[in-house]
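Colleague: Please find one structure pasted underneath; my questions will follow.
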Protein chains: 2
Amino acid sequence: MKNSIGREIPQSVDGIDNIVPYQGEWAIVNSIKSGSSFKAPQALKVKPVDHVKVCDNLEECLDKLELHDGMTISFHHHMRGGDGTIVPVIESLAKRGLKDITLASSSLTGAHEPLVPYVEDGTITRIFTSGCRGKLGKAVSAGKLKKVAVFHSHGGRARAIEAGRIKIDVSFISAAAADEAGNATGSWGKSACGSLGYAMIDSEYSRQVVVVTDNLVEYPCLPSSIKQKDVDYVVKIDSIGDPEKIAGDTTRITKNPMDLRIADLAAEAMIKLGYVKNGFSFQCGAGGASLAVARFICDYMRKKDIKGGFLLGGITSVMTDMLEEGLFDLAFDVQSFDAAVSKSIYGNEKHIEISASQYANPLNCDCMTHKLDTVVLAALEIDTDFNVNVLVGSDGNIRGASGGHSDTAAGASLTVLVAPSIRGRLPIVKKNIHTVVTPGASVDLLVTEKGICINPLRQDLKDKLEGSGLPIRDINELAEEVERICGKPEEPEFEDKVVAVVEYRDGSIIDVIRKVKS
Amino acid sequence: MKNSIGREIPQSVDGIDNIVPYQGEWAIVNSIKSGSSFKAPQALKVKPVDHVKVCDNLEECLDKLELHDGMTISFHHHMRGGDGTIVPVIESLAKRGLKDITLASSSLTGAHEPLVPYVEDGTITRIFTSGCRGKLGKAVSAGKLKKVAVFHSHGGRARAIEAGRIKIDVSFISAAAADEAGNATGSWGKSACGSLGYAMIDSEYSRQVVVVTDNLVEYPCLPSSIKQKDVDYVVKIDSIGDPEKIAGDTTRITKNPMDLRIADLAAEAMIKLGYVKNGFSFQCGAGGASLAVARFICDYMRKKDIKGGFLLGGITSVMTDMLEEGLFDLAFDVQSFDAAVSKSIYGNEKHIEISASQYANPLNCDCMTHKLDTVVLAALEIDTDFNVNVLVGSDGNIRGASGGHSDTAAGASLTVLVAPSIRGRLPIVKKNIHTVVTPGASVDLLVTEKGICINPLRQDLKDKLEGSGLPIRDINELAEEVERICGKPEEPEFEDKVVAVVEYRDGSIIDVIRKVKS
């Protein structure tokens with residue numbers, strides 16, 4: 001069957017109950033009556049008064065936990081490329097002979113390539129994640145995982161956990177500081193990573209919660225991003241990872257002239273459309289072009305004495321600088337994109353840590369992405385319906401992340417995609433794309449070095465930008481031009497076998513990912 | 001049948017499912033395996049993106065809510081004697097003709113006497129509360145409530161809500177400041193009342209949540225004691241009550257010589273027993289004698305250069321002064337006993353707001369009363385088994401509150417009761433008491449003006465205090481002496497009819513309250 005954006009969705013996928021094809025951004029949200037149903041219940045964690053939570057090492061803790069084949073274990077990815085928790089825990093579980101584990105991490109990065117052997121030997125047979133990269137992404141695309149993987153957005157993951165679609169047996173939460181009762185934070189300590197926004201939901205809904213820390217501090221650990229009421233055990237280890245590797249390459253402002261041209265056009269468009277005004281809220285991706293947009297917007301705000309409302313994200317040092325300068329009132333932070341941000345989240349009361357549910361869960365009573373005025377996002381590929389792929393590379397292998405892309409795109413009043421029309425020799429704007437993560441209905445502008453494409457659904461924007469002097473392009477013409485320049489690129493071939501489904505934030509299936517022919 | 005402290009408990013009570021007689025402080029806690037069962041599920045409050053929470057007045061909000069006969073509505077009592085929210089809401093519901101309402105308030109005070117007519121006319125037919133006083137207490141004792149009332153401790157209430165024993169249809173949460181999304185606090189604004197600890201659990205578990213405020217502030221209201229994710233509507237009203245009346249008479253330090261003698265003895269005993277030492281944690285009631293103990297303890301701490309760990313409660317200005325002076329490291333605050341405390345909870349990061357579940361719920365993973373070293377508590381009556389009544393007056397009428405009495409008594413390593421042996425001409429220490437709220441097993445010392453009684457369960461304390469020079473008394477001898485002085489007082493007569501049950505914090509029934517013969 002085809003979903004409402006025309007993607008072919010199998011009626012059943014092994015291991016996925018209740019396949020609901022994507023039916024539009026708000027179809028499911030608007031179909032649920034508030035208060036008429038319930039979230040999954042949380043485990044009752046009554047403890048004897050003499051219960052001691054602290055374990056001297058991971059093995060002692062694993063001895064105490066209830067572990068079994070087929071269980072689901074969860075992690076967060078706030079340490080990103082520097083994560084030092086997931087691999088050692090999986091290694092220990094594998095040594096104990098545990099099999100058929102579902103790995104539910106908020107995302108997976110290059111640091112998790114060592115998991116490939118555990119996929120191959122059946123220790124890990126299913127993955128729930130926002131992203132997957134490198135050799136692990138290739139392994140999933142090659143069909144090495146026994147069960148179908150599920151890719152979710154950050155808001156979608158919170159929804160899935162709250163809905164009981166992801167039932168977690170044990171959550172391992174790495175923290176830069178924690179106390180004996182399990183209160184924990186990422187905001188200070190030698191391995192500070194800032195917000196623990198993704199882990200909050202795990203801590204509330206997992207049947208067993210383990211805080212893993214390299215910095216056991218005096219009670220109480222403040223702020224308590226993770227709360228003692230939810231934590232079963234606290235494990236002291238030598239290192240939860242390398243905070244230097246949180247930022248990676250993606251979070252630096254670009255000097256690439258093409259990126260700068262795109263950023264300049266995007267900022268101009270946002271300004272001319274009247275979105276850059278007192279009180280406006282703003283999010284941008286951590287990619288170079290997105291951050292450059294932020295910089296151009298800031299220049300304009302300074303010049304015009306404009307003060308924004310809140311920043312949301314995905315907070316980078318660029319954004320904490322904006323906060324400190326007073327260009328914006330507040331920052332809501334579900335994930336900090338470099339170690340330096342943790343100082344701000346710890347010390348600046350205007351920099352507020354939020355959970356993934358608060359950030360973007362479409363079934364949350366009042367999530368922040370739904371309050372967002374403007375978002376600037378990157379893309380791997382865009383089709384002529386403005387559908388966006390941020391997950392599958394040109395070779396057909398999984399090498400990206402859904403992240404907050406569809407969450408913010410759906411919520412923001414103005415969603416701006418910034419992408420070159422051609423990357424290397426590969427077309428980025430094209431008639432058909434491998435995989436859709438964010439539906440075109442959520443995208444308002446595509447800004448490329450060759451000009452700006454306006455989603456025909458937004459006639460209001462078209463009217464406003466006409467005669468603005470900005471280079472407006474028809475997306476079909478742009479795709480044709482790109483194809484003329486690049487030629488038809490060699491497309492990867494896929495087998496029928498579905499290796500992963502791409503869940504839209506509301507739990508419907510927006511696309512599937514098939515096995516790459518080897 | 002008799003429970004384990006010999007109180008007669010009916011096998012069934014109309015409207016109370018599953019009567020479980022009290023079986024000992026830890027019987028139920030120790031019988032539950034962590035993670036083997038679940039809390040009640042929380043309502044899924046998905047909202048359309050254009051949902052507006054703010055209502056201009058209470059009637060507009062009531063129009064939007066789902067209301068029905070037989071529903072349960074909840075309130076908090078942080079405004080205590082100054083509460084201005086419960087009565088107007090009940091009046092409005094009564095005007096709409098709603099009947100058979102269960103009123104689940106964290107407690108009820110003298111401010112709620114105007115509810116009597118609504119009990120008499122069947123608008124309110126059941127009450128869940130920690131306390132009840134004045135004409136409303138008399139009405140309950142006179143059997144005017146159609147269904148049996150349930151008295152719970154503060155921790156027990158949190159447990160009951162989390163367990164789904166109290167299922168709340170609408171929670172009305174008055175707040176001294178709130179924003180359009182429902183983030184709310186008691187810590188600042190013209191009606192500041194400090195902590196909103198009791199309301200937090202309501203906000204999470206109620207099917208519908210209304211924040212009522214006289215101070216609608218710019219988004220976001222910080223701190224967000226109540227969170228936007230839980231709030232359906234925000235109502236602006238003129239006044240949520242009179243903060244001047246929060247303190248009442250109970251929270252001033254006594255000048256009464258007998259109270260001072262009792263306080264002096266209690267402090268001496270605590271010191272000689274070695275509990276007043278670096279890092280110790282401390283809670284005391286808001287009564288005059290209890291606060292005087294705090295003052296004596298402070299004098300000793302200053303002299304000996306002792307620095308305590310955390311203060312817990314029920315926080316009064318006396319305690320915030322101790323915090324500011326540096327005598328204690330931290331204060332955990334579930335309820336602020338006077339308006340002045342709100343400045344501290346707002347401005348001092350060492351003064352931490354906690355929920356009732358965090359405070360004292362025995363089924364919480366790690367509640368604070370279980371970490372408590374010492375507590376000083378008052379009493380209406382004590383029997384020779386050290387059982388304590390804090391709920392029913394000598395005339396047989398309900399005129400007190402369970403509060404955190406049994407919660408802290410069970411949790412603290414040393415529980416000290418401070419009470420005169422005779423009050424007016426009435427015996428306080430006696431062979432039999434009307435009603436048991438806190439079991440004798442939780443009480444370690446009873447300190448009266450005639451000397452100190454040590455619970456025989458605590459031979460260790462007896463050994464330590466022997467030869468200390470403190471006046472140690474046998475509680476049976478003391479009760480006999482008191483009886484000799486007072487004579488046998490005229491006891492009220494009761495009918496068989498049960499008008500209320502007294503739930504122990506774990507949900508078992510520790511006693512029942514019968515109808516006073518008129």
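Each chain of the structure tokens is named A, B, ... in the order shown, its residues numbered from 1; ligands are numbered from 1 in display order.
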Output as a Markdown table one row per residue of chain A within 8 Å of chain B: the closest atom pair and its distance in Å to one decimal place, counting only C-alpha atoms, sorted by chain and residue number ascending.

Modeller:
| residue | atom | partner | partner_atom | distance |
| --- | --- | --- | --- | --- |
| A:Val29 | CA | B:Val46 | CA | 6.8 |
| A:Asn30 | CA | B:Pro48 | CA | 6.0 |
| A:Ile32 | CA | B:Val46 | CA | 6.9 |
| A:Lys33 | CA | B:Val46 | CA | 7.2 |
| A:Ser34 | CA | B:Lys45 | CA | 4.5 |
| A:Gly35 | CA | B:Ala43 | CA | 5.2 |
| A:Ser36 | CA | B:Leu44 | CA | 7.1 |
| A:Ser37 | CA | B:Leu44 | CA | 5.6 |
| A:Phe38 | CA | B:Ala43 | CA | 4.3 |
| A:Lys39 | CA | B:Gln42 | CA | 5.5 |
| A:Ala40 | CA | B:Pro41 | CA | 5.8 |
| A:Pro41 | CA | B:Pro41 | CA | 4.2 |
| A:Gln42 | CA | B:Lys39 | CA | 5.5 |
| A:Ala43 | CA | B:Phe38 | CA | 4.3 |
| A:Leu44 | CA | B:Phe38 | CA | 4.8 |
| A:Lys45 | CA | B:Ser34 | CA | 4.5 |
| A:Val46 | CA | B:Leu363 | CA | 4.5 |
| A:Lys47 | CA | B:Cys365 | CA | 5.6 |
| A:Pro48 | CA | B:Asn30 | CA | 6.0 |
| A:Val49 | CA | B:His370 | CA | 6.5 |
| A:Ala181 | CA | B:Asp366 | CA | 7.3 |
| A:Arg207 | CA | B:Gly35 | CA | 5.6 |
| A:Gln208 | CA | B:Gly35 | CA | 7.0 |
| A:Gln228 | CA | B:Asp366 | CA | 6.3 |
| A:Lys229 | CA | B:Cys365 | CA | 4.8 |
| A:Asp230 | CA | B:Cys365 | CA | 6.5 |
| A:Val231 | CA | B:Cys365 | CA | 7.3 |
| A:Asp232 | CA | B:Cys365 | CA | 7.6 |
| A:Gln358 | CA | B:Lys229 | CA | 6.9 |
| A:Pro362 | CA | B:Val46 | CA | 7.3 |
| A:Leu363 | CA | B:Val46 | CA | 4.5 |
| A:Asn364 | CA | B:Val46 | CA | 5.4 |
| A:Cys365 | CA | B:Lys229 | CA | 4.8 |
| A:Asp366 | CA | B:Lys229 | CA | 5.5 |
| A:Cys367 | CA | B:Lys229 | CA | 7.3 |
| A:His370 | CA | B:Val49 | CA | 6.5 |

Colleague: Would you mind exporting C-alpha atoms of the selected residues as a compact mmCIF listing (two decimals), in the first residue's frame?

Modeller:
# COMPACT_ATOMS: atom_id res chain seq x y z
CA VAL A 29 -2.53 14.12 16.48
CA ASN A 30 -5.93 15.47 15.53
CA ILE A 32 -6.90 11.63 19.51
CA LYS A 33 -9.16 13.20 22.09
CA SER A 34 -7.19 14.69 24.99
CA GLY A 35 -7.65 12.73 28.21
CA SER A 36 -9.45 9.85 26.54
CA SER A 37 -6.51 7.46 26.65
CA PHE A 38 -3.44 6.88 28.75
CA LYS A 39 0.31 6.76 28.51
CA ALA A 40 2.10 3.54 29.38
CA PRO A 41 2.24 3.05 33.14
CA GLN A 42 5.54 3.61 34.93
CA ALA A 43 7.13 0.87 37.03
CA LEU A 44 6.53 0.96 40.76
CA LYS A 45 10.04 1.03 42.20
CA VAL A 46 9.46 0.59 45.89
CA LYS A 47 12.70 -0.22 47.67
CA PRO A 48 13.43 -1.62 51.10
CA VAL A 49 14.61 1.21 53.36
CA ALA A 181 20.52 8.21 45.13
CA ARG A 207 11.48 -0.92 34.34
CA GLN A 208 15.05 -0.67 35.63
CA GLN A 228 16.31 9.68 42.38
CA LYS A 229 12.69 8.51 42.25
CA ASP A 230 13.41 6.72 38.97
CA VAL A 231 16.86 5.26 39.54
CA ASP A 232 17.53 1.70 40.72
CA GLN A 358 8.81 18.48 26.06
CA PRO A 362 3.63 15.41 19.04
CA LEU A 363 1.36 13.82 21.66
CA ASN A 364 2.79 15.98 24.44
CA CYS A 365 0.27 18.42 25.86
CA ASP A 366 2.37 21.35 24.71
CA CYS A 367 5.66 20.53 23.01
CA HIS A 370 4.86 23.39 18.10

Colleague: A:Lys190: which residues within 10 Å, counting only C-alpha atoms, same-chain residues fewer than 6 positions away excluded, as JSON, numbers by chain?

Modeller: {"A": [176, 177, 214, 215, 239, 240, 241, 242, 243, 339]}

Colleague: Write out as a PyMOL selection string the residues lying within 10 Å of B:Gly110, counting only C-alpha atoms and excluding same-chain residues fewer than 5 positions away.

Modeller: chain B and resi 80-83+132-137+399

Colleague: Could you pull out the residues in stretch 251-368 of chain B that DSSP calls strand (DSSP E or B) from the backbone, as a PyMOL selection string?

Modeller: chain B and resi 282-284+308-315+328-336+351-353

Colleague: Quick check, in Å to one decimal: how far apart do atom CA of A:Val211 and atom CA of A:Cys55 lie?

Modeller: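 A separation of 10.1 Å between them.
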
Colleague: If you measure from atom CA of A:Gly424 to atom CA of A:Pro489, what distance in Å do you get, rounded to one decimal?

Modeller: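 Going from atom CA of A:Gly424 over to atom CA of A:Pro489 covers 11.7 Å.
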
Colleague: With only C-alpha atoms as the counted atoms, please give the residues lying no more than 12 Å from A:Lys488, apart from itself and same-chain residues fewer than 5 positions off, as a PDB file with C-alpha atoms, in the first residue's frame.

Modeller:
ATOM      1  CA  ARG A 425      29.064  15.494  -8.266  1.00  0.00           C
ATOM      2  CA  LEU A 426      25.832  14.232  -6.785  1.00  0.00           C
ATOM      3  CA  PRO A 427      22.451  15.854  -7.302  1.00  0.00           C
ATOM      4  CA  LYS A 430      16.062  15.602  -7.553  1.00  0.00           C
ATOM      5  CA  LYS A 431      12.810  14.149  -8.807  1.00  0.00           C
ATOM      6  CA  ASN A 432      12.984  11.063  -6.611  1.00  0.00           C
ATOM      7  CA  ALA A 479      15.847  19.590 -10.341  1.00  0.00           C
ATOM      8  CA  GLU A 480      16.000  19.411 -14.132  1.00  0.00           C
ATOM      9  CA  GLU A 481      18.895  21.850 -14.256  1.00  0.00           C
ATOM     10  CA  VAL A 482      20.713  19.821 -11.623  1.00  0.00           C
ATOM     11  CA  GLU A 483      20.106  16.655 -13.601  1.00  0.00           C
TER      12      GLU A 483
END

Colleague: For A:Ser4, find every residue with an atom within 12 Å (counting only C-alpha atoms), except residues of its own chain fewer than 3 positions away, and show them as a list in words.

Modeller: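 Residues near the query, excluding close chain neighbours: Met1, Arg7, Glu8, Ile9, Val20, Pro21, Tyr22, Gln23, Gly24, Glu25, Ala27, Pro439, Gly440, Ala441, Ser508, Ile509, Ile510 and Asp511 of chain A.
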
Colleague: Generate a file of the selected residues that holds N, CA and C atoms, formatted as a PDB file, in the first residue's frame.

Modeller:
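again16.pdb, freshly written:
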ATOM      1  N   MET A   1       0.836  -1.204   0.000  1.00  0.00           N
ATOM      2  CA  MET A   1       0.000   0.000   0.000  1.00  0.00           C
ATOM      3  C   MET A   1       0.872   1.255   0.000  1.00  0.00           C
ATOM      4  N   ARG A   7       4.654   6.832  -0.829  1.00  0.00           N
ATOM      5  CA  ARG A   7       5.718   5.834  -0.595  1.00  0.00           C
ATOM      6  C   ARG A   7       5.072   4.477  -0.394  1.00  0.00           C
ATOM      7  N   GLU A   8       5.725   3.460  -0.929  1.00  0.00           N
ATOM      8  CA  GLU A   8       5.215   2.087  -0.847  1.00  0.00           C
ATOM      9  C   GLU A   8       5.533   1.525   0.541  1.00  0.00           C
ATOM     10  N   ILE A   9       4.497   1.189   1.304  1.00  0.00           N
ATOM     11  CA  ILE A   9       4.678   0.660   2.663  1.00  0.00           C
ATOM     12  C   ILE A   9       4.097  -0.756   2.702  1.00  0.00           C
ATOM     13  N   VAL A  20       0.868   1.500  10.563  1.00  0.00           N
ATOM     14  CA  VAL A  20      -0.058   2.577  10.145  1.00  0.00           C
ATOM     15  C   VAL A  20       0.688   3.464   9.154  1.00  0.00           C
ATOM     16  N   PRO A  21       0.247   3.502   7.904  1.00  0.00           N
ATOM     17  CA  PRO A  21       0.955   4.349   6.938  1.00  0.00           C
ATOM     18  C   PRO A  21       0.763   5.829   7.278  1.00  0.00           C
ATOM     19  N   TYR A  22       1.766   6.620   6.984  1.00  0.00           N
ATOM     20  CA  TYR A  22       1.698   8.074   7.191  1.00  0.00           C
ATOM     21  C   TYR A  22       0.510   8.662   6.444  1.00  0.00           C
ATOM     22  N   GLN A  23      -0.250   9.512   7.136  1.00  0.00           N
ATOM     23  CA  GLN A  23      -1.472  10.051   6.517  1.00  0.00           C
ATOM     24  C   GLN A  23      -1.516  11.572   6.513  1.00  0.00           C
ATOM     25  N   GLY A  24      -0.385  12.203   6.829  1.00  0.00           N
ATOM     26  CA  GLY A  24      -0.383  13.681   6.896  1.00  0.00           C
ATOM     27  C   GLY A  24       0.140  14.093   8.262  1.00  0.00           C
ATOM     28  N   GLU A  25       0.716  15.294   8.297  1.00  0.00           N
ATOM     29  CA  GLU A  25       1.400  15.750   9.509  1.00  0.00           C
ATOM     30  C   GLU A  25       0.558  15.652  10.786  1.00  0.00           C
ATOM     31  N   ALA A  27      -2.624  14.119  11.087  1.00  0.00           N
ATOM     32  CA  ALA A  27      -3.740  13.171  11.027  1.00  0.00           C
ATOM     33  C   ALA A  27      -3.930  12.450  12.359  1.00  0.00           C
ATOM     34  N   PRO A 439       8.176  14.998   5.592  1.00  0.00           N
ATOM     35  CA  PRO A 439       7.288  15.176   4.439  1.00  0.00           C
ATOM     36  C   PRO A 439       7.375  16.587   3.884  1.00  0.00           C
ATOM     37  N   GLY A 440       7.201  16.713   2.587  1.00  0.00           N
ATOM     38  CA  GLY A 440       7.261  18.022   1.937  1.00  0.00           C
ATOM     39  C   GLY A 440       6.290  19.040   2.510  1.00  0.00           C
ATOM     40  N   ALA A 441       5.166  18.571   3.033  1.00  0.00           N
ATOM     41  CA  ALA A 441       4.171  19.487   3.596  1.00  0.00           C
ATOM     42  C   ALA A 441       4.737  20.319   4.743  1.00  0.00           C
ATOM     43  N   SER A 508       3.264   6.767  12.671  1.00  0.00           N
ATOM     44  CA  SER A 508       2.930   6.186  11.370  1.00  0.00           C
ATOM     45  C   SER A 508       4.224   5.951  10.586  1.00  0.00           C
ATOM     46  N   ILE A 509       4.120   5.141   9.533  1.00  0.00           N
ATOM     47  CA  ILE A 509       5.325   4.814   8.762  1.00  0.00           C
ATOM     48  C   ILE A 509       5.373   5.695   7.524  1.00  0.00           C
ATOM     49  N   ILE A 510       6.424   6.510   7.482  1.00  0.00           N
ATOM     50  CA  ILE A 510       6.546   7.424   6.351  1.00  0.00           C
ATOM     51  C   ILE A 510       7.363   6.805   5.219  1.00  0.00           C
ATOM     52  N   ASP A 511       8.212   5.835   5.569  1.00  0.00           N
ATOM     53  CA  ASP A 511       8.984   5.173   4.508  1.00  0.00           C
ATOM     54  C   ASP A 511       9.624   3.900   5.076  1.00  0.00           C
TER      55      ASP A 511
END

Colleague: Report as a PyMOL selection string: the residues of stretch 173-330 of chain A with a DSSP assignment of alpha helix (DSSP H), based on the backbone of this structure.

Modeller: chain A and resi 197-205+257-272+288-304+317-325

Colleague: Record the distance separating atom CA of B:Ser336 and atom CA of B:Val318, expressed in Å with one decimal.

Modeller: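 One can read the atom CA of B:Ser336 to atom CA of B:Val318 distance as 11.2 Å.
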
Colleague: If you count only C-alpha atoms, which residues fall within 9 Å of A:Glu491, apart from same-chain ones fewer than 5 positions away, as an MDAnalysis selection string?

Modeller: chainID A and resid 394:396

Colleague: Quick one: of B:Asn18, B:Ser195, B:Thr185, B:Ser413, who's nearest to B:Val217, counting only C-alpha atoms?

Modeller: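 For B:Val217, the nearest of the candidates is B:Thr185.
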
Colleague: With only C-alpha atoms as the atoms that count, which of B:Asn387, B:Ser105, B:Thr369, B:Gln11 lies nearest to B:Arg505?

Modeller: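 That would be B:Thr369, the residue with the smallest distance to B:Arg505.
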
Colleague: I'd like the neighbourhood of B:Val293 as a PyMOL selection string, where a residue qualifies if any of its atoms comes within 10 Å (using only C-alpha atoms), though same-chain residues fewer than 3 positions away should be ignored.

Modeller: chain B and resi 253+259-268+270+284-285+288-290+296-299+376+418
